[in-house]
Amino acid sequence: MNPVPQEELPIWRQPNFIKLWFSQTLNSLAHILLQVVVMVQVYQRTHSALGSAAVLALMSLSLFISGLFAAKYIDRFSMRSIIHFSGWCRALLTIIIGFFLYQNSTAGLIGLFVGIAFYSFINAWYQPARFALLPLIIPSHQYIRANGTLVMVQQLFMTAGWGIGGFLVVYVSLPVMVGMLSIFYILSGSLAYSIKLAEEKPAAKKKPVSAWKEVWAIPVVKGITIMNIIEGISHPIWTSALLLAFSTTVLKAGETWWGLLNAGYFMGAILGSIMVTFISGLMTKRSGIVVGMSGLSMGVFTILFSVNTLPLAAVLLCIAMGPLYQARDICQVAILQEAIPAERRANVMAARNTFLTPWNGLTVLFIGYLADVFGIQNTYLLAGVLYLFASIIALQQRTLRHYRINKKEDTAVKAI
């Protein structure tokens, strides 16, 4: 009996995917824990919430600048090599950051922020490279299931990471934490580099179309990006600060219910990731419809959330929002992985990230301003309407509405 080709095996029986999954898991864990350690230490050093917020602001700025370079040059390198190099560099920078955390001086604080800036600069290359590597190791009909499992891990760490990080900061010494996180990054990079591809080489040295133009030239990518831009205005309503304002002024509830609102959405997101892994076949056939309809459901649930005044109902609505919207995110990633030409995946994603990241940062300020001027409840209502508007635009685009992940079997493992 002939052996079953690797691309026909379930994803959990494919060594390449298992290596990438563990690589992503270690990377996500190290990244969230490092943020917790740095922000707690900076707060203890400066006794200022602004100091902690400056860490995230600096990381966002550095990500933006690095993304400008990645969008233009990332395809000149092997994706495995980028992830490998990124892991070792961030391990070294984690040690440097840890060293400066020990320096209780102004020079130490400056050195810390410089280290964080370099860390974020390197980090901006990781996500596009990981995005581009996944389609090289599995066939297209497994994209949704594979992305679902990867996203589920990320959501779990986003949900529990701050709590775990706070516990570790209290009970584990800083040198041990720094050493552990450095090892996580090294293992993450090494696992990705050990992935076996039939052939892997940088893209041919020819003058390509600008990645910025490709974002708008590929119809499906353009449709999803427009939807992301509109929804980017609504997303800030789910930040902790605005949820706290909604909880106290509209729900007339305390911080306990505020915490439950935060946890509710992430619980729904995790349930959505699990759901996708079990019905990935259906999602593959209706991927474009899922992207549009999930935005529609998000708009309806957000409008109901905005006019509701019962804390328990608000928590249940947050949980209900999670599954479909998480399914949307997973289908969106899978569509982009297939729609973007293989040799340009990393560049186009880096270009998208470069303008979506600062856009999302600006909309946080904009929504905060609207909440102060027009009231928190009206702001949530407006956000719900914008979710509906984005969904309608997506569903009106034929190329996106009828899109389905190609179920044709790959003839060979793709190469960069």
# chains A, B, ... in the order shown; residues from 1 in each chain; ligands from 1

call {"tool": "residues_around", "arguments": {"residues": "Met349 (chain A)", "least_positions_apart": "6", "cutoff": "8 Å", "atoms": "only C-alpha atoms", "output": "list in words"}}
result
Ala71, Pro128 and Phe131 of chain A

call {"tool": "write_last_selection", "arguments": {"atoms": "all heavy atoms", "output": "PDB file, in the first residue's frame"}}
result
ATOM      1  N   ALA A  71       7.810  45.768   4.141  1.00  0.00           N
ATOM      2  CA  ALA A  71       6.956  45.732   2.954  1.00  0.00           C
ATOM      3  C   ALA A  71       7.766  45.753   1.662  1.00  0.00           C
ATOM      4  O   ALA A  71       7.339  45.218   0.643  1.00  0.00           O
ATOM      5  CB  ALA A  71       5.989  46.922   2.988  1.00  0.00           C
ATOM      6  N   PRO A 128       4.458  38.784   9.309  1.00  0.00           N
ATOM      7  CA  PRO A 128       4.322  38.535   7.869  1.00  0.00           C
ATOM      8  C   PRO A 128       5.044  37.273   7.412  1.00  0.00           C
ATOM      9  O   PRO A 128       4.560  36.556   6.533  1.00  0.00           O
ATOM     10  CB  PRO A 128       4.955  39.789   7.230  1.00  0.00           C
ATOM     11  CG  PRO A 128       4.862  40.838   8.280  1.00  0.00           C
ATOM     12  CD  PRO A 128       5.030  40.120   9.579  1.00  0.00           C
ATOM     13  N   PHE A 131       2.930  34.359   8.506  1.00  0.00           N
ATOM     14  CA  PHE A 131       1.764  34.336   7.624  1.00  0.00           C
ATOM     15  C   PHE A 131       2.111  33.682   6.285  1.00  0.00           C
ATOM     16  O   PHE A 131       1.338  32.880   5.749  1.00  0.00           O
ATOM     17  CB  PHE A 131       1.274  35.769   7.413  1.00  0.00           C
ATOM     18  CG  PHE A 131       0.217  35.922   6.350  1.00  0.00           C
ATOM     19  CD1 PHE A 131      -1.122  35.794   6.668  1.00  0.00           C
ATOM     20  CD2 PHE A 131       0.561  36.204   5.036  1.00  0.00           C
ATOM     21  CE1 PHE A 131      -2.100  35.936   5.692  1.00  0.00           C
ATOM     22  CE2 PHE A 131      -0.408  36.350   4.052  1.00  0.00           C
ATOM     23  CZ  PHE A 131      -1.742  36.215   4.385  1.00  0.00           C
TER      24      PHE A 131
END

call {"tool": "closest_atom_pairs", "arguments": {"of": "region 230-320 of chain A", "to": "region 386-403 of chain A", "cutoff": "8 Å", "atoms": "only C-alpha atoms", "output": "JSON lines"}}
result
{"residue": "A:Ile230", "atom": "CA", "partner": "A:Ala390", "partner_atom": "CA", "distance": 5.9}
{"residue": "A:Glu231", "atom": "CA", "partner": "A:Tyr387", "partner_atom": "CA", "distance": 5.9}
{"residue": "A:Ile233", "atom": "CA", "partner": "A:Leu386", "partner_atom": "CA", "distance": 7.8}
{"residue": "A:Ser234", "atom": "CA", "partner": "A:Leu386", "partner_atom": "CA", "distance": 6.6}
{"residue": "A:Arg286", "atom": "CA", "partner": "A:Tyr403", "partner_atom": "CA", "distance": 7.2}
{"residue": "A:Ser287", "atom": "CA", "partner": "A:Tyr403", "partner_atom": "CA", "distance": 6.3}
{"residue": "A:Gly288", "atom": "CA", "partner": "A:Tyr403", "partner_atom": "CA", "distance": 4.7}
{"residue": "A:Ile289", "atom": "CA", "partner": "A:Arg401", "partner_atom": "CA", "distance": 5.3}
{"residue": "A:Val291", "atom": "CA", "partner": "A:Ala394", "partner_atom": "CA", "distance": 7.8}
{"residue": "A:Gly292", "atom": "CA", "partner": "A:Ser391", "partner_atom": "CA", "distance": 5.0}
{"residue": "A:Met293", "atom": "CA", "partner": "A:Ser391", "partner_atom": "CA", "distance": 6.7}
{"residue": "A:Ser294", "atom": "CA", "partner": "A:Ser391", "partner_atom": "CA", "distance": 7.8}
{"residue": "A:Gly295", "atom": "CA", "partner": "A:Ser391", "partner_atom": "CA", "distance": 4.9}
{"residue": "A:Leu296", "atom": "CA", "partner": "A:Leu388", "partner_atom": "CA", "distance": 5.2}
{"residue": "A:Met298", "atom": "CA", "partner": "A:Tyr387", "partner_atom": "CA", "distance": 6.5}
{"residue": "A:Gly299", "atom": "CA", "partner": "A:Tyr387", "partner_atom": "CA", "distance": 4.6}
{"residue": "A:Val300", "atom": "CA", "partner": "A:Leu388", "partner_atom": "CA", "distance": 7.4}

call {"tool": "closest_atom_pairs", "arguments": {"of": "region 11-90 of chain A", "to": "region 174-179 of chain A", "cutoff": "10 Å", "atoms": "only C-alpha atoms", "output": "Markdown table"}}
result
| residue | atom | partner | partner_atom | distance |
| --- | --- | --- | --- | --- |
| A:Ala30 | CA | A:Val178 | CA | 9.7 |
| A:Leu33 | CA | A:Met177 | CA | 8.8 |
| A:Leu34 | CA | A:Val178 | CA | 8.2 |
| A:Val37 | CA | A:Leu174 | CA | 8.4 |
| A:Gln41 | CA | A:Leu174 | CA | 9.7 |

call {"tool": "closest_atom_pairs", "arguments": {"of": "region 155-197 of chain A", "to": "region 88-91 of chain A", "cutoff": "10 Å", "atoms": "only C-alpha atoms", "output": "JSON lines"}}
result
{"residue": "A:Val178", "atom": "CA", "partner": "A:Ala91", "partner_atom": "CA", "distance": 8.8}
{"residue": "A:Gly179", "atom": "CA", "partner": "A:Ala91", "partner_atom": "CA", "distance": 8.6}
{"residue": "A:Met180", "atom": "CA", "partner": "A:Ala91", "partner_atom": "CA", "distance": 9.6}
{"residue": "A:Leu181", "atom": "CA", "partner": "A:Ala91", "partner_atom": "CA", "distance": 7.2}
{"residue": "A:Ser182", "atom": "CA", "partner": "A:Ala91", "partner_atom": "CA", "distance": 4.1}
{"residue": "A:Ile183", "atom": "CA", "partner": "A:Ala91", "partner_atom": "CA", "distance": 7.0}
{"residue": "A:Phe184", "atom": "CA", "partner": "A:Ala91", "partner_atom": "CA", "distance": 7.9}
{"residue": "A:Tyr185", "atom": "CA", "partner": "A:Ala91", "partner_atom": "CA", "distance": 5.5}
{"residue": "A:Ile186", "atom": "CA", "partner": "A:Trp88", "partner_atom": "CA", "distance": 5.2}
{"residue": "A:Leu187", "atom": "CA", "partner": "A:Trp88", "partner_atom": "CA", "distance": 8.8}
{"residue": "A:Ser188", "atom": "CA", "partner": "A:Trp88", "partner_atom": "CA", "distance": 8.9}
{"residue": "A:Gly189", "atom": "CA", "partner": "A:Trp88", "partner_atom": "CA", "distance": 6.7}
{"residue": "A:Ser190", "atom": "CA", "partner": "A:Trp88", "partner_atom": "CA", "distance": 8.6}

call {"tool": "closest_atom_pairs", "arguments": {"of": "region 155-274 of chain A", "to": "region 324-345 of chain A", "cutoff": "8 Å", "atoms": "only C-alpha atoms", "output": "Markdown table"}}
result
| residue | atom | partner | partner_atom | distance |
| --- | --- | --- | --- | --- |
| A:Ala203 | CA | A:Glu343 | CA | 6.2 |
| A:Ala211 | CA | A:Arg344 | CA | 7.7 |
| A:Ile218 | CA | A:Ile340 | CA | 7.6 |
| A:Val220 | CA | A:Ala339 | CA | 7.0 |
| A:Val221 | CA | A:Leu336 | CA | 6.4 |
| A:Ile224 | CA | A:Gln332 | CA | 7.4 |
| A:Ala269 | CA | A:Gln326 | CA | 5.3 |
| A:Ile270 | CA | A:Gln326 | CA | 7.9 |
| A:Gly272 | CA | A:Gln326 | CA | 5.4 |
| A:Ser273 | CA | A:Gln326 | CA | 6.3 |

call {"tool": "write_last_selection", "arguments": {"atoms": "all heavy atoms", "output": "PDB file, in the first residue's frame"}}
result
ATOM      1  N   ALA A 203      12.858  35.254  -3.262  1.00  0.00           N
ATOM      2  CA  ALA A 203      12.222  35.558  -4.540  1.00  0.00           C
ATOM      3  C   ALA A 203      13.253  36.068  -5.537  1.00  0.00           C
ATOM      4  O   ALA A 203      14.283  36.625  -5.173  1.00  0.00           O
ATOM      5  CB  ALA A 203      11.121  36.613  -4.348  1.00  0.00           C
ATOM      6  N   ALA A 211       4.222  46.720  -3.008  1.00  0.00           N
ATOM      7  CA  ALA A 211       3.299  45.987  -2.140  1.00  0.00           C
ATOM      8  C   ALA A 211       2.103  46.853  -1.767  1.00  0.00           C
ATOM      9  O   ALA A 211       0.988  46.355  -1.582  1.00  0.00           O
ATOM     10  CB  ALA A 211       4.029  45.520  -0.880  1.00  0.00           C
ATOM     11  N   ILE A 218      -5.460  43.746  -5.895  1.00  0.00           N
ATOM     12  CA  ILE A 218      -6.082  42.426  -5.799  1.00  0.00           C
ATOM     13  C   ILE A 218      -7.482  42.612  -5.213  1.00  0.00           C
ATOM     14  O   ILE A 218      -7.617  43.036  -4.058  1.00  0.00           O
ATOM     15  CB  ILE A 218      -5.247  41.473  -4.914  1.00  0.00           C
ATOM     16  CG1 ILE A 218      -3.817  41.375  -5.459  1.00  0.00           C
ATOM     17  CG2 ILE A 218      -5.884  40.096  -4.854  1.00  0.00           C
ATOM     18  CD1 ILE A 218      -2.868  40.611  -4.552  1.00  0.00           C
ATOM     19  N   VAL A 220      -9.982  40.896  -3.846  1.00  0.00           N
ATOM     20  CA  VAL A 220     -10.358  40.334  -2.549  1.00  0.00           C
ATOM     21  C   VAL A 220      -9.582  41.008  -1.421  1.00  0.00           C
ATOM     22  O   VAL A 220     -10.141  41.323  -0.363  1.00  0.00           O
ATOM     23  CB  VAL A 220     -10.113  38.809  -2.531  1.00  0.00           C
ATOM     24  CG1 VAL A 220     -10.312  38.245  -1.130  1.00  0.00           C
ATOM     25  CG2 VAL A 220     -11.057  38.116  -3.505  1.00  0.00           C
ATOM     26  N   VAL A 221      -8.298  41.234  -1.626  1.00  0.00           N
ATOM     27  CA  VAL A 221      -7.476  41.899  -0.611  1.00  0.00           C
ATOM     28  C   VAL A 221      -7.978  43.322  -0.384  1.00  0.00           C
ATOM     29  O   VAL A 221      -8.060  43.794   0.757  1.00  0.00           O
ATOM     30  CB  VAL A 221      -5.992  41.908  -1.032  1.00  0.00           C
ATOM     31  CG1 VAL A 221      -5.143  42.616   0.013  1.00  0.00           C
ATOM     32  CG2 VAL A 221      -5.484  40.487  -1.240  1.00  0.00           C
ATOM     33  N   ILE A 224     -11.304  43.204   1.708  1.00  0.00           N
ATOM     34  CA  ILE A 224     -11.069  42.913   3.126  1.00  0.00           C
ATOM     35  C   ILE A 224     -10.407  44.097   3.814  1.00  0.00           C
ATOM     36  O   ILE A 224     -10.740  44.437   4.960  1.00  0.00           O
ATOM     37  CB  ILE A 224     -10.208  41.637   3.270  1.00  0.00           C
ATOM     38  CG1 ILE A 224     -11.033  40.410   2.867  1.00  0.00           C
ATOM     39  CG2 ILE A 224      -9.695  41.487   4.700  1.00  0.00           C
ATOM     40  CD1 ILE A 224     -10.257  39.115   2.877  1.00  0.00           C
ATOM     41  N   ALA A 269     -14.397  34.286  21.801  1.00  0.00           N
ATOM     42  CA  ALA A 269     -13.381  34.157  20.749  1.00  0.00           C
ATOM     43  C   ALA A 269     -12.731  32.773  20.775  1.00  0.00           C
ATOM     44  O   ALA A 269     -12.484  32.161  19.734  1.00  0.00           O
ATOM     45  CB  ALA A 269     -12.328  35.245  20.917  1.00  0.00           C
ATOM     46  N   ILE A 270     -12.442  32.281  21.973  1.00  0.00           N
ATOM     47  CA  ILE A 270     -11.843  30.952  22.100  1.00  0.00           C
ATOM     48  C   ILE A 270     -12.831  29.883  21.613  1.00  0.00           C
ATOM     49  O   ILE A 270     -12.455  28.947  20.896  1.00  0.00           O
ATOM     50  CB  ILE A 270     -11.420  30.692  23.558  1.00  0.00           C
ATOM     51  CG1 ILE A 270     -10.259  31.622  23.927  1.00  0.00           C
ATOM     52  CG2 ILE A 270     -11.002  29.230  23.752  1.00  0.00           C
ATOM     53  CD1 ILE A 270      -9.932  31.634  25.407  1.00  0.00           C
ATOM     54  N   GLY A 272     -15.061  30.340  19.414  1.00  0.00           N
ATOM     55  CA  GLY A 272     -15.089  30.465  17.956  1.00  0.00           C
ATOM     56  C   GLY A 272     -13.944  29.733  17.295  1.00  0.00           C
ATOM     57  O   GLY A 272     -14.109  29.075  16.260  1.00  0.00           O
ATOM     58  N   SER A 273     -12.756  29.822  17.888  1.00  0.00           N
ATOM     59  CA  SER A 273     -11.597  29.112  17.340  1.00  0.00           C
ATOM     60  C   SER A 273     -11.808  27.605  17.368  1.00  0.00           C
ATOM     61  O   SER A 273     -11.479  26.899  16.419  1.00  0.00           O
ATOM     62  CB  SER A 273     -10.339  29.476  18.135  1.00  0.00           C
ATOM     63  OG  SER A 273     -10.086  30.859  18.072  1.00  0.00           O
TER      64      SER A 273
END

call {"tool": "closest_residue", "arguments": {"among": "A:Pro139, A:Gly384, A:Pro15, A:Pro219", "to": "Trp238 (chain A)", "atoms": "only C-alpha atoms"}}
result
A:Gly384

call {"tool": "residues_around", "arguments": {"residues": "region 364-377 of chain A", "least_positions_apart": "5", "cutoff": "9 Å", "atoms": "only C-alpha atoms", "output": "PyMOL selection string"}}
result
chain A and resi 232-237+239+242+245-246+249-250+306-307+359+382

call {"tool": "write_last_selection", "arguments": {"atoms": "N, CA and C atoms", "output": "JSON list (two decimals), in the first residue's frame"}}
result
[["chain", "number", "residue", "atom", "x", "y", "z"],
["A", 232, "GLY", "N", -12.00, 49.33, 11.92],
["A", 232, "GLY", "CA", -10.98, 49.87, 12.80],
["A", 232, "GLY", "C", -11.49, 51.04, 13.63],
["A", 233, "ILE", "N", -12.51, 51.75, 13.12],
["A", 233, "ILE", "CA", -13.11, 52.85, 13.88],
["A", 233, "ILE", "C", -13.94, 52.31, 15.04],
["A", 234, "SER", "N", -14.56, 51.15, 14.83],
["A", 234, "SER", "CA", -15.43, 50.58, 15.86],
["A", 234, "SER", "C", -14.68, 49.79, 16.93],
["A", 235, "HIS", "N", -13.60, 49.14, 16.55],
["A", 235, "HIS", "CA", -12.91, 48.23, 17.47],
["A", 235, "HIS", "C", -12.52, 48.85, 18.81],
["A", 236, "PRO", "N", -12.13, 50.15, 18.87],
["A", 236, "PRO", "CA", -11.71, 50.70, 20.17],
["A", 236, "PRO", "C", -12.77, 50.66, 21.26],
["A", 237, "ILE", "N", -14.04, 50.45, 20.91],
["A", 237, "ILE", "CA", -15.06, 50.39, 21.96],
["A", 237, "ILE", "C", -14.85, 49.20, 22.88],
["A", 239, "THR", "N", -11.89, 48.31, 24.06],
["A", 239, "THR", "CA", -10.74, 48.50, 24.93],
["A", 239, "THR", "C", -11.22, 48.58, 26.38],
["A", 242, "LEU", "N", -12.87, 52.02, 27.72],
["A", 242, "LEU", "CA", -14.23, 52.34, 27.28],
["A", 242, "LEU", "C", -15.24, 51.35, 27.85],
["A", 245, "ALA", "N", -16.01, 52.53, 31.27],
["A", 245, "ALA", "CA", -16.92, 53.67, 31.23],
["A", 245, "ALA", "C", -18.35, 53.22, 30.95],
["A", 246, "PHE", "N", -18.51, 52.28, 30.02],
["A", 246, "PHE", "CA", -19.85, 51.77, 29.69],
["A", 246, "PHE", "C", -20.43, 51.03, 30.88],
["A", 249, "THR", "N", -21.37, 53.80, 33.67],
["A", 249, "THR", "CA", -22.35, 54.84, 33.34],
["A", 249, "THR", "C", -23.65, 54.28, 32.75],
["A", 250, "VAL", "N", -23.57, 53.21, 31.98],
["A", 250, "VAL", "CA", -24.76, 52.66, 31.32],
["A", 250, "VAL", "C", -25.33, 51.48, 32.11],
["A", 306, "SER", "N", -25.43, 48.23, 23.07],
["A", 306, "SER", "CA", -25.43, 49.66, 23.38],
["A", 306, "SER", "C", -26.72, 50.12, 24.05],
["A", 307, "VAL", "N", -27.85, 49.47, 23.73],
["A", 307, "VAL", "CA", -29.13, 49.91, 24.29],
["A", 307, "VAL", "C", -29.52, 49.09, 25.52],
["A", 359, "TRP", "N", -3.40, 53.28, 12.03],
["A", 359, "TRP", "CA", -4.81, 53.65, 11.89],
["A", 359, "TRP", "C", -5.61, 53.21, 13.12],
["A", 382, "LEU", "N", -23.06, 54.06, 17.55],
["A", 382, "LEU", "CA", -22.41, 54.42, 16.29],
["A", 382, "LEU", "C", -21.49, 53.30, 15.82]]

call {"tool": "closest_residue", "arguments": {"among": "A:Tyr102, A:Val151, A:Gly115, A:Ala132", "to": "Ser173 (chain A)", "atoms": "only C-alpha atoms"}}
result
A:Tyr102
